[in-house]
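Student: To be precise about what I am sending: the file is called structure.cif and holds mmCIF, N, CA, C and O atoms.
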```
data_start
loop_
_atom_site.label_atom_id
_atom_site.label_comp_id
_atom_site.auth_asym_id
_atom_site.auth_seq_id
_atom_site.Cartn_x
_atom_site.Cartn_y
_atom_site.Cartn_z
N MET A 1 7.66 -4.37 -7.11
CA MET A 1 8.00 -3.32 -8.04
C MET A 1 9.52 -3.18 -8.13
O MET A 1 10.06 -2.98 -9.19
N ALA A 2 10.22 -3.28 -6.98
CA ALA A 2 11.68 -3.11 -6.98
C ALA A 2 12.38 -4.19 -7.78
O ALA A 2 13.50 -4.01 -8.22
N LYS A 3 11.73 -5.33 -7.98
CA LYS A 3 12.33 -6.43 -8.74
C LYS A 3 12.10 -6.30 -10.24
O LYS A 3 12.71 -7.01 -11.02
N GLU A 4 11.20 -5.42 -10.64
CA GLU A 4 10.89 -5.25 -12.05
C GLU A 4 11.98 -4.44 -12.74
O GLU A 4 12.53 -3.50 -12.17
N VAL A 5 12.26 -4.83 -13.97
CA VAL A 5 13.29 -4.13 -14.74
C VAL A 5 12.63 -3.04 -15.58
O VAL A 5 12.46 -3.14 -16.78
N THR A 6 12.19 -2.01 -14.88
CA THR A 6 11.58 -0.84 -15.51
C THR A 6 12.23 0.39 -14.87
O THR A 6 12.82 0.28 -13.78
N PRO A 7 12.12 1.54 -15.50
CA PRO A 7 12.67 2.75 -14.86
C PRO A 7 12.07 2.98 -13.46
O PRO A 7 12.79 3.32 -12.53
N LEU A 8 10.76 2.74 -13.32
CA LEU A 8 10.11 2.93 -12.02
C LEU A 8 10.64 1.92 -11.01
O LEU A 8 10.96 2.26 -9.87
N GLY A 9 10.76 0.67 -11.43
CA GLY A 9 11.28 -0.38 -10.56
C GLY A 9 12.70 -0.10 -10.11
O GLY A 9 13.06 -0.30 -8.94
N ARG A 10 13.53 0.37 -11.03
CA ARG A 10 14.92 0.71 -10.68
C ARG A 10 14.97 1.86 -9.68
O ARG A 10 15.77 1.86 -8.75
N GLN A 11 14.10 2.83 -9.86
CA GLN A 11 14.06 3.98 -8.95
C GLN A 11 13.65 3.53 -7.54
O GLN A 11 14.26 3.93 -6.55
N VAL A 12 12.64 2.68 -7.46
CA VAL A 12 12.18 2.15 -6.17
C VAL A 12 13.32 1.37 -5.50
O VAL A 12 13.60 1.54 -4.31
N LYS A 13 13.97 0.51 -6.27
CA LYS A 13 15.05 -0.31 -5.71
C LYS A 13 16.20 0.55 -5.21
O LYS A 13 16.76 0.29 -4.15
N GLU A 14 16.54 1.57 -5.95
CA GLU A 14 17.64 2.47 -5.55
C GLU A 14 17.34 3.13 -4.21
O GLU A 14 18.20 3.20 -3.33
N ILE A 15 16.12 3.59 -4.03
CA ILE A 15 15.72 4.25 -2.78
C ILE A 15 15.70 3.25 -1.64
O ILE A 15 16.18 3.52 -0.53
N MET A 16 15.17 2.05 -1.90
CA MET A 16 15.12 1.00 -0.87
C MET A 16 16.53 0.58 -0.46
O MET A 16 16.80 0.40 0.73
N THR A 17 17.41 0.41 -1.43
CA THR A 17 18.78 0.00 -1.14
C THR A 17 19.49 1.03 -0.27
O THR A 17 20.30 0.67 0.58
N ALA A 18 19.16 2.29 -0.47
CA ALA A 18 19.75 3.36 0.34
C ALA A 18 19.15 3.41 1.74
O ALA A 18 19.61 4.17 2.59
N GLY A 19 18.10 2.62 1.98
CA GLY A 19 17.47 2.60 3.29
C GLY A 19 16.55 3.77 3.55
O GLY A 19 16.24 4.09 4.70
N LEU A 20 16.09 4.41 2.48
CA LEU A 20 15.23 5.58 2.62
C LEU A 20 13.76 5.21 2.40
O LEU A 20 13.46 4.18 1.81
N LEU A 21 12.86 6.08 2.84
CA LEU A 21 11.44 5.90 2.58
C LEU A 21 11.12 6.42 1.18
O LEU A 21 11.71 7.41 0.72
N GLN A 22 10.17 5.76 0.53
CA GLN A 22 9.76 6.21 -0.79
C GLN A 22 9.00 7.53 -0.65
O GLN A 22 8.13 7.66 0.22
N PRO A 23 9.28 8.52 -1.49
CA PRO A 23 8.51 9.77 -1.43
C PRO A 23 7.06 9.53 -1.85
O PRO A 23 6.76 8.59 -2.58
N ASP A 24 6.17 10.39 -1.38
CA ASP A 24 4.74 10.22 -1.65
C ASP A 24 4.43 10.13 -3.14
O ASP A 24 3.63 9.29 -3.55
N ASP A 25 5.04 11.00 -3.95
CA ASP A 25 4.70 10.98 -5.37
C ASP A 25 5.10 9.66 -6.02
O ASP A 25 4.39 9.13 -6.87
N LEU A 26 6.21 9.08 -5.59
CA LEU A 26 6.64 7.79 -6.14
C LEU A 26 5.73 6.67 -5.64
O LEU A 26 5.36 5.78 -6.41
N THR A 27 5.34 6.72 -4.38
CA THR A 27 4.42 5.72 -3.84
C THR A 27 3.11 5.71 -4.61
O THR A 27 2.60 4.66 -4.99
N VAL A 28 2.57 6.88 -4.87
CA VAL A 28 1.32 7.00 -5.63
C VAL A 28 1.51 6.45 -7.04
O VAL A 28 0.66 5.72 -7.57
N GLN A 29 2.63 6.76 -7.65
CA GLN A 29 2.91 6.27 -9.00
C GLN A 29 2.97 4.74 -9.03
O GLN A 29 2.44 4.10 -9.94
N VAL A 30 3.59 4.14 -8.03
CA VAL A 30 3.67 2.67 -7.95
C VAL A 30 2.28 2.07 -7.82
O VAL A 30 1.91 1.14 -8.53
N VAL A 31 1.48 2.61 -6.91
CA VAL A 31 0.12 2.08 -6.70
C VAL A 31 -0.71 2.23 -7.97
O VAL A 31 -1.38 1.29 -8.41
N GLU A 32 -0.67 3.40 -8.60
CA GLU A 32 -1.45 3.61 -9.81
C GLU A 32 -0.99 2.70 -10.94
O GLU A 32 -1.81 2.22 -11.72
N THR A 33 0.29 2.41 -11.02
CA THR A 33 0.81 1.48 -12.03
C THR A 33 0.23 0.09 -11.82
O THR A 33 -0.23 -0.56 -12.76
N TYR A 34 0.24 -0.38 -10.58
CA TYR A 34 -0.31 -1.71 -10.29
C TYR A 34 -1.81 -1.78 -10.57
O TYR A 34 -2.31 -2.78 -11.07
N LEU A 35 -2.53 -0.71 -10.26
CA LEU A 35 -3.99 -0.74 -10.43
C LEU A 35 -4.42 -0.70 -11.89
O LEU A 35 -5.59 -0.90 -12.19
N LYS A 36 -3.49 -0.48 -12.80
CA LYS A 36 -3.80 -0.53 -14.24
C LYS A 36 -3.82 -1.97 -14.76
O LYS A 36 -4.26 -2.21 -15.88
N LYS A 37 -3.40 -2.91 -13.94
CA LYS A 37 -3.37 -4.32 -14.35
C LYS A 37 -4.80 -4.84 -14.49
O LYS A 37 -5.70 -4.43 -13.75
N PRO A 38 -5.04 -5.77 -15.43
CA PRO A 38 -6.39 -6.27 -15.69
C PRO A 38 -7.09 -6.87 -14.48
O PRO A 38 -8.30 -6.77 -14.34
N GLU A 39 -6.33 -7.48 -13.58
CA GLU A 39 -6.97 -8.13 -12.42
C GLU A 39 -7.64 -7.14 -11.47
O GLU A 39 -8.41 -7.53 -10.60
N TYR A 40 -7.37 -5.86 -11.63
CA TYR A 40 -7.99 -4.85 -10.77
C TYR A 40 -9.12 -4.09 -11.47
O TYR A 40 -9.67 -3.16 -10.90
N ALA A 41 -9.47 -4.49 -12.67
CA ALA A 41 -10.48 -3.78 -13.46
C ALA A 41 -11.84 -3.76 -12.78
O ALA A 41 -12.60 -2.79 -12.94
N ASN A 42 -12.17 -4.78 -12.00
CA ASN A 42 -13.48 -4.85 -11.35
C ASN A 42 -13.48 -4.28 -9.94
O ASN A 42 -14.47 -4.38 -9.23
N GLY A 43 -12.36 -3.71 -9.52
CA GLY A 43 -12.29 -3.11 -8.20
C GLY A 43 -11.18 -3.72 -7.36
O GLY A 43 -10.55 -4.70 -7.74
N TYR A 44 -10.98 -3.14 -6.20
CA TYR A 44 -9.90 -3.57 -5.33
C TYR A 44 -10.14 -3.00 -3.94
O TYR A 44 -10.92 -2.06 -3.74
N ILE A 45 -9.47 -3.58 -2.96
CA ILE A 45 -9.49 -3.08 -1.59
C ILE A 45 -8.05 -2.74 -1.24
O ILE A 45 -7.15 -3.56 -1.43
N MET A 46 -7.84 -1.55 -0.75
CA MET A 46 -6.49 -1.14 -0.35
C MET A 46 -6.41 -1.11 1.17
O MET A 46 -7.33 -0.65 1.83
N ASP A 47 -5.32 -1.61 1.69
CA ASP A 47 -5.09 -1.62 3.13
C ASP A 47 -3.74 -0.95 3.38
O ASP A 47 -2.71 -1.45 2.96
N GLY A 48 -3.75 0.18 4.03
CA GLY A 48 -2.51 0.87 4.34
C GLY A 48 -2.10 1.92 3.33
O GLY A 48 -1.02 2.47 3.40
N PHE A 49 -2.95 2.19 2.37
CA PHE A 49 -2.70 3.26 1.40
C PHE A 49 -4.02 3.96 1.15
O PHE A 49 -5.04 3.31 1.00
N PRO A 50 -4.01 5.24 1.08
CA PRO A 50 -2.91 6.18 1.29
C PRO A 50 -2.61 6.36 2.78
O PRO A 50 -3.47 6.15 3.62
N ARG A 51 -1.38 6.74 3.05
CA ARG A 51 -0.94 6.95 4.43
C ARG A 51 -0.76 8.43 4.79
O ARG A 51 -0.68 8.75 5.97
N THR A 52 -0.66 9.28 3.80
CA THR A 52 -0.45 10.70 4.08
C THR A 52 -1.46 11.53 3.30
O THR A 52 -2.04 11.06 2.30
N LEU A 53 -1.68 12.76 3.74
CA LEU A 53 -2.60 13.65 3.05
C LEU A 53 -2.11 13.92 1.63
O LEU A 53 -2.90 13.98 0.69
N GLU A 54 -0.81 14.02 1.44
CA GLU A 54 -0.26 14.24 0.10
C GLU A 54 -0.60 13.07 -0.84
O GLU A 54 -0.95 13.28 -2.00
N GLN A 55 -0.53 11.84 -0.32
CA GLN A 55 -0.91 10.69 -1.14
C GLN A 55 -2.39 10.74 -1.49
O GLN A 55 -2.77 10.43 -2.62
N VAL A 56 -3.23 11.15 -0.55
CA VAL A 56 -4.66 11.28 -0.82
C VAL A 56 -4.89 12.27 -1.95
O VAL A 56 -5.64 12.01 -2.89
N GLU A 57 -4.22 13.40 -1.87
CA GLU A 57 -4.41 14.45 -2.87
C GLU A 57 -3.89 14.07 -4.25
O GLU A 57 -4.45 14.47 -5.26
N LYS A 58 -2.84 13.27 -4.31
CA LYS A 58 -2.24 12.90 -5.58
C LYS A 58 -2.88 11.66 -6.22
O LYS A 58 -2.78 11.47 -7.43
N PHE A 59 -3.52 10.82 -5.42
CA PHE A 59 -4.09 9.57 -5.94
C PHE A 59 -5.31 9.88 -6.82
O PHE A 59 -6.23 10.55 -6.40
N GLN A 60 -5.29 9.37 -8.05
CA GLN A 60 -6.31 9.73 -9.04
C GLN A 60 -7.17 8.55 -9.49
O GLN A 60 -7.66 8.55 -10.60
N ASN A 61 -7.37 7.55 -8.66
CA ASN A 61 -8.08 6.36 -9.11
C ASN A 61 -9.52 6.27 -8.62
O ASN A 61 -10.08 5.19 -8.53
N GLY A 62 -10.13 7.36 -8.31
CA GLY A 62 -11.56 7.39 -8.04
C GLY A 62 -12.03 6.52 -6.88
O GLY A 62 -12.87 5.65 -7.07
N VAL A 63 -11.50 6.74 -5.71
CA VAL A 63 -11.98 6.01 -4.53
C VAL A 63 -13.41 6.43 -4.28
O VAL A 63 -13.72 7.61 -4.19
N ASP A 64 -14.31 5.44 -4.16
CA ASP A 64 -15.71 5.79 -3.95
C ASP A 64 -16.24 5.40 -2.57
O ASP A 64 -17.31 5.81 -2.17
N LYS A 65 -15.46 4.62 -1.82
CA LYS A 65 -15.88 4.25 -0.47
C LYS A 65 -14.64 4.15 0.42
O LYS A 65 -13.59 3.71 -0.02
N VAL A 66 -14.81 4.56 1.67
CA VAL A 66 -13.73 4.47 2.64
C VAL A 66 -14.29 3.89 3.92
O VAL A 66 -15.38 4.24 4.35
N ILE A 67 -13.54 2.97 4.51
CA ILE A 67 -13.92 2.37 5.79
C ILE A 67 -12.84 2.73 6.79
O ILE A 67 -11.65 2.53 6.54
N CYS A 68 -13.23 3.26 7.92
CA CYS A 68 -12.29 3.59 8.98
C CYS A 68 -12.58 2.69 10.17
O CYS A 68 -13.69 2.69 10.70
N LEU A 69 -11.60 1.90 10.56
CA LEU A 69 -11.75 1.01 11.71
C LEU A 69 -10.98 1.60 12.88
O LEU A 69 -9.77 1.78 12.80
N ASN A 70 -11.68 1.92 13.94
CA ASN A 70 -11.02 2.46 15.13
C ASN A 70 -10.88 1.35 16.15
O ASN A 70 -11.87 0.82 16.65
N ILE A 71 -9.64 0.98 16.43
CA ILE A 71 -9.38 -0.03 17.46
C ILE A 71 -8.25 0.50 18.35
O ILE A 71 -7.48 1.36 17.95
N SER A 72 -8.16 -0.03 19.54
CA SER A 72 -7.11 0.40 20.46
C SER A 72 -5.74 -0.08 19.97
O SER A 72 -5.64 -1.02 19.18
N ASP A 73 -4.70 0.56 20.48
CA ASP A 73 -3.36 0.14 20.14
C ASP A 73 -3.13 -1.31 20.57
O ASP A 73 -2.49 -2.10 19.86
N LYS A 74 -3.67 -1.68 21.72
CA LYS A 74 -3.52 -3.05 22.23
C LYS A 74 -4.17 -4.04 21.26
O LYS A 74 -3.58 -5.07 20.93
N GLU A 75 -5.37 -3.76 20.80
CA GLU A 75 -6.07 -4.64 19.87
C GLU A 75 -5.31 -4.74 18.55
O GLU A 75 -5.19 -5.81 17.96
N ALA A 76 -4.78 -3.61 18.08
CA ALA A 76 -4.01 -3.62 16.84
C ALA A 76 -2.78 -4.51 16.99
O ALA A 76 -2.44 -5.28 16.08
N LEU A 77 -2.11 -4.43 18.12
CA LEU A 77 -0.92 -5.25 18.36
C LEU A 77 -1.29 -6.72 18.41
O LEU A 77 -0.60 -7.56 17.82
N VAL A 78 -2.36 -7.07 19.10
CA VAL A 78 -2.81 -8.47 19.17
C VAL A 78 -3.10 -8.99 17.77
O VAL A 78 -2.66 -10.09 17.39
N ARG A 79 -3.83 -8.23 16.97
CA ARG A 79 -4.16 -8.66 15.61
C ARG A 79 -2.90 -8.83 14.76
O ARG A 79 -2.77 -9.78 14.01
N TRP A 80 -1.96 -7.89 14.90
CA TRP A 80 -0.72 -7.97 14.14
C TRP A 80 0.08 -9.20 14.54
O TRP A 80 0.60 -9.91 13.69
N LEU A 81 0.16 -9.46 15.85
CA LEU A 81 0.90 -10.64 16.32
C LEU A 81 0.29 -11.93 15.79
O LEU A 81 1.00 -12.83 15.34
N ILE A 82 -1.02 -12.05 15.83
CA ILE A 82 -1.69 -13.24 15.31
C ILE A 82 -1.45 -13.37 13.81
O ILE A 82 -1.10 -14.43 13.31
N LYS A 83 -1.60 -12.26 13.11
CA LYS A 83 -1.44 -12.27 11.65
C LYS A 83 -0.03 -12.67 11.25
O LYS A 83 0.17 -13.34 10.23
N THR A 84 0.97 -12.29 12.02
CA THR A 84 2.35 -12.56 11.64
C THR A 84 2.91 -13.85 12.22
O THR A 84 3.99 -14.27 11.82
N THR A 85 2.19 -14.48 13.15
CA THR A 85 2.73 -15.69 13.76
C THR A 85 1.91 -16.94 13.51
O THR A 85 2.40 -18.05 13.67
N VAL A 86 0.65 -16.79 13.10
CA VAL A 86 -0.21 -17.95 12.85
C VAL A 86 -0.45 -18.07 11.35
O VAL A 86 -1.14 -17.25 10.77
N PRO A 87 0.16 -19.09 10.71
CA PRO A 87 -0.01 -19.24 9.25
C PRO A 87 -1.47 -19.35 8.84
O PRO A 87 -2.23 -20.09 9.45
N GLY A 88 -1.85 -18.60 7.81
CA GLY A 88 -3.19 -18.68 7.26
C GLY A 88 -4.27 -18.08 8.15
O GLY A 88 -5.45 -18.27 7.88
N GLN A 89 -3.89 -17.38 9.19
CA GLN A 89 -4.88 -16.84 10.12
C GLN A 89 -5.58 -15.62 9.54
O GLN A 89 -4.95 -14.69 9.08
N MET A 90 -6.91 -15.65 9.54
CA MET A 90 -7.72 -14.51 9.12
C MET A 90 -8.28 -13.86 10.38
O MET A 90 -8.82 -14.52 11.24
N ILE A 91 -8.14 -12.57 10.47
CA ILE A 91 -8.61 -11.83 11.64
C ILE A 91 -9.73 -10.90 11.22
O ILE A 91 -9.61 -10.18 10.26
N VAL A 92 -10.81 -10.93 11.94
CA VAL A 92 -11.93 -10.02 11.67
C VAL A 92 -12.27 -9.23 12.90
O VAL A 92 -11.94 -9.55 13.98
#
```
Turn this file's structure into structure tokens for me.

Tutor:
Amino acid sequence: MAKEVTPLGRQVKEIMTAGLLQPDDLTVQVVETYLKKPEYANGYIMDGFPRTLEQVEKFQNGVDKVICLNISDKEALVRWLIKTTVPGQMIV
């Protein structure tokens, strides 16, 4: 999004360049903009969004199912290390 030459893209880039976190309302706007693309018309899986209660409340794209995976911090770290160090690695 920050690479796109749109008002939204410029706003995201400006905040990123300043080293700041994107505010919730802008994050929701970015996600909703992407989900309007034709490739998402039949559905999508989101990982890591929403992250805050405010994002949940502002997101208007009709989430109909939620999966919560409870794993230990150690297991999360192991999965992250494998995911980031082994090319093409799928973790289940």

Student: Using the chain letters and numbers from this file, what does the PyMOL selection byres (((chain A and resi 12 and name CA) around 10) and name CA) select? Give the answer as a compact mmCIF listing (two decimals) with N, CA, C and O atoms, keeping the file's coordinate frame.

Tutor:
```
# COMPACT_ATOMS: atom_id res chain seq x y z
N MET A 1 7.66 -4.37 -7.11
CA MET A 1 8.00 -3.32 -8.04
C MET A 1 9.52 -3.18 -8.13
O MET A 1 10.06 -2.98 -9.19
N ALA A 2 10.22 -3.28 -6.98
CA ALA A 2 11.68 -3.11 -6.98
C ALA A 2 12.38 -4.19 -7.78
O ALA A 2 13.50 -4.01 -8.22
N LYS A 3 11.73 -5.33 -7.98
CA LYS A 3 12.33 -6.43 -8.74
C LYS A 3 12.10 -6.30 -10.24
O LYS A 3 12.71 -7.01 -11.02
N GLU A 4 11.20 -5.42 -10.64
CA GLU A 4 10.89 -5.25 -12.05
C GLU A 4 11.98 -4.44 -12.74
O GLU A 4 12.53 -3.50 -12.17
N THR A 6 12.19 -2.01 -14.88
CA THR A 6 11.58 -0.84 -15.51
C THR A 6 12.23 0.39 -14.87
O THR A 6 12.82 0.28 -13.78
N PRO A 7 12.12 1.54 -15.50
CA PRO A 7 12.67 2.75 -14.86
C PRO A 7 12.07 2.98 -13.46
O PRO A 7 12.79 3.32 -12.53
N LEU A 8 10.76 2.74 -13.32
CA LEU A 8 10.11 2.93 -12.02
C LEU A 8 10.64 1.92 -11.01
O LEU A 8 10.96 2.26 -9.87
N GLY A 9 10.76 0.67 -11.43
CA GLY A 9 11.28 -0.38 -10.56
C GLY A 9 12.70 -0.10 -10.11
O GLY A 9 13.06 -0.30 -8.94
N ARG A 10 13.53 0.37 -11.03
CA ARG A 10 14.92 0.71 -10.68
C ARG A 10 14.97 1.86 -9.68
O ARG A 10 15.77 1.86 -8.75
N GLN A 11 14.10 2.83 -9.86
CA GLN A 11 14.06 3.98 -8.95
C GLN A 11 13.65 3.53 -7.54
O GLN A 11 14.26 3.93 -6.55
N LYS A 13 13.97 0.51 -6.27
CA LYS A 13 15.05 -0.31 -5.71
C LYS A 13 16.20 0.55 -5.21
O LYS A 13 16.76 0.29 -4.15
N GLU A 14 16.54 1.57 -5.95
CA GLU A 14 17.64 2.47 -5.55
C GLU A 14 17.34 3.13 -4.21
O GLU A 14 18.20 3.20 -3.33
N ILE A 15 16.12 3.59 -4.03
CA ILE A 15 15.72 4.25 -2.78
C ILE A 15 15.70 3.25 -1.64
O ILE A 15 16.18 3.52 -0.53
N MET A 16 15.17 2.05 -1.90
CA MET A 16 15.12 1.00 -0.87
C MET A 16 16.53 0.58 -0.46
O MET A 16 16.80 0.40 0.73
N THR A 17 17.41 0.41 -1.43
CA THR A 17 18.78 0.00 -1.14
C THR A 17 19.49 1.03 -0.27
O THR A 17 20.30 0.67 0.58
N LEU A 20 16.09 4.41 2.48
CA LEU A 20 15.23 5.58 2.62
C LEU A 20 13.76 5.21 2.40
O LEU A 20 13.46 4.18 1.81
N LEU A 21 12.86 6.08 2.84
CA LEU A 21 11.44 5.90 2.58
C LEU A 21 11.12 6.42 1.18
O LEU A 21 11.71 7.41 0.72
N GLN A 22 10.17 5.76 0.53
CA GLN A 22 9.76 6.21 -0.79
C GLN A 22 9.00 7.53 -0.65
O GLN A 22 8.13 7.66 0.22
N PRO A 23 9.28 8.52 -1.49
CA PRO A 23 8.51 9.77 -1.43
C PRO A 23 7.06 9.53 -1.85
O PRO A 23 6.76 8.59 -2.58
N LEU A 26 6.21 9.08 -5.59
CA LEU A 26 6.64 7.79 -6.14
C LEU A 26 5.73 6.67 -5.64
O LEU A 26 5.36 5.78 -6.41
N THR A 27 5.34 6.72 -4.38
CA THR A 27 4.42 5.72 -3.84
C THR A 27 3.11 5.71 -4.61
O THR A 27 2.60 4.66 -4.99
N VAL A 30 3.59 4.14 -8.03
CA VAL A 30 3.67 2.67 -7.95
C VAL A 30 2.28 2.07 -7.82
O VAL A 30 1.91 1.14 -8.53
```

Student: Measure the distance from atom N of Val28 in chain A to CA of Lys58 in chain A in Å and round it to one decimal.

Tutor: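 Interatomic distance here is 7.7 Å.
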
Student: With distances taken over only C-alpha atoms, which of A:Val78, A:Val31, A:Cys68, A:Ala41 is nearest to Gln55 in chain A?

Tutor: A:Val31

Student: List the spatial neighbours of Lys65 in chain A as a list in words - criterion: any atom at most 8 Å away, only N, CA, C and O atoms, same-chain residues fewer than 3 positions off excluded.

Tutor: Tyr44, Met46, Gly62 and Cys68 of chain A

Student: With N, CA, C and O atoms kept, could you save the residues just selected as a short mmCIF file (atom, residue, chain, number, x, y, z; two decimals), in the frame of the given file?

Tutor:
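The result, written out as again_26.cif:
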```cif
data_model
loop_
_atom_site.label_atom_id
_atom_site.label_comp_id
_atom_site.auth_asym_id
_atom_site.auth_seq_id
_atom_site.Cartn_x
_atom_site.Cartn_y
_atom_site.Cartn_z
N TYR A 44 -10.98 -3.14 -6.20
CA TYR A 44 -9.90 -3.57 -5.33
C TYR A 44 -10.14 -3.00 -3.94
O TYR A 44 -10.92 -2.06 -3.74
N MET A 46 -7.84 -1.55 -0.75
CA MET A 46 -6.49 -1.14 -0.35
C MET A 46 -6.41 -1.11 1.17
O MET A 46 -7.33 -0.65 1.83
N GLY A 62 -10.13 7.36 -8.31
CA GLY A 62 -11.56 7.39 -8.04
C GLY A 62 -12.03 6.52 -6.88
O GLY A 62 -12.87 5.65 -7.07
N CYS A 68 -13.23 3.26 7.92
CA CYS A 68 -12.29 3.59 8.98
C CYS A 68 -12.58 2.69 10.17
O CYS A 68 -13.69 2.69 10.70
#
```

Student: Which distance in Å separates atom N of Asp25 in chain A and CA of Ile71 in chain A, to one decimal?

Tutor: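 Interatomic distance, atom N of Asp25 in chain A to CA of Ile71 in chain A: 28.1 Å.
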
Student: What does the structure give for the distance between atom C of Leu77 in chain A and atom C of Pro50 in chain A, in Å to one decimal?

Tutor: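 For atom C of Leu77 in chain A relative to atom C of Pro50 in chain A, the distance reads 20.4 Å.
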
Student: So which residues of chain A fall under helix (DSSP H, G or I) by DSSP, listed as a VMD selection string?

Tutor: chain A and resid 7 to 17 24 to 35 38 to 40 53 to 58 73 to 85
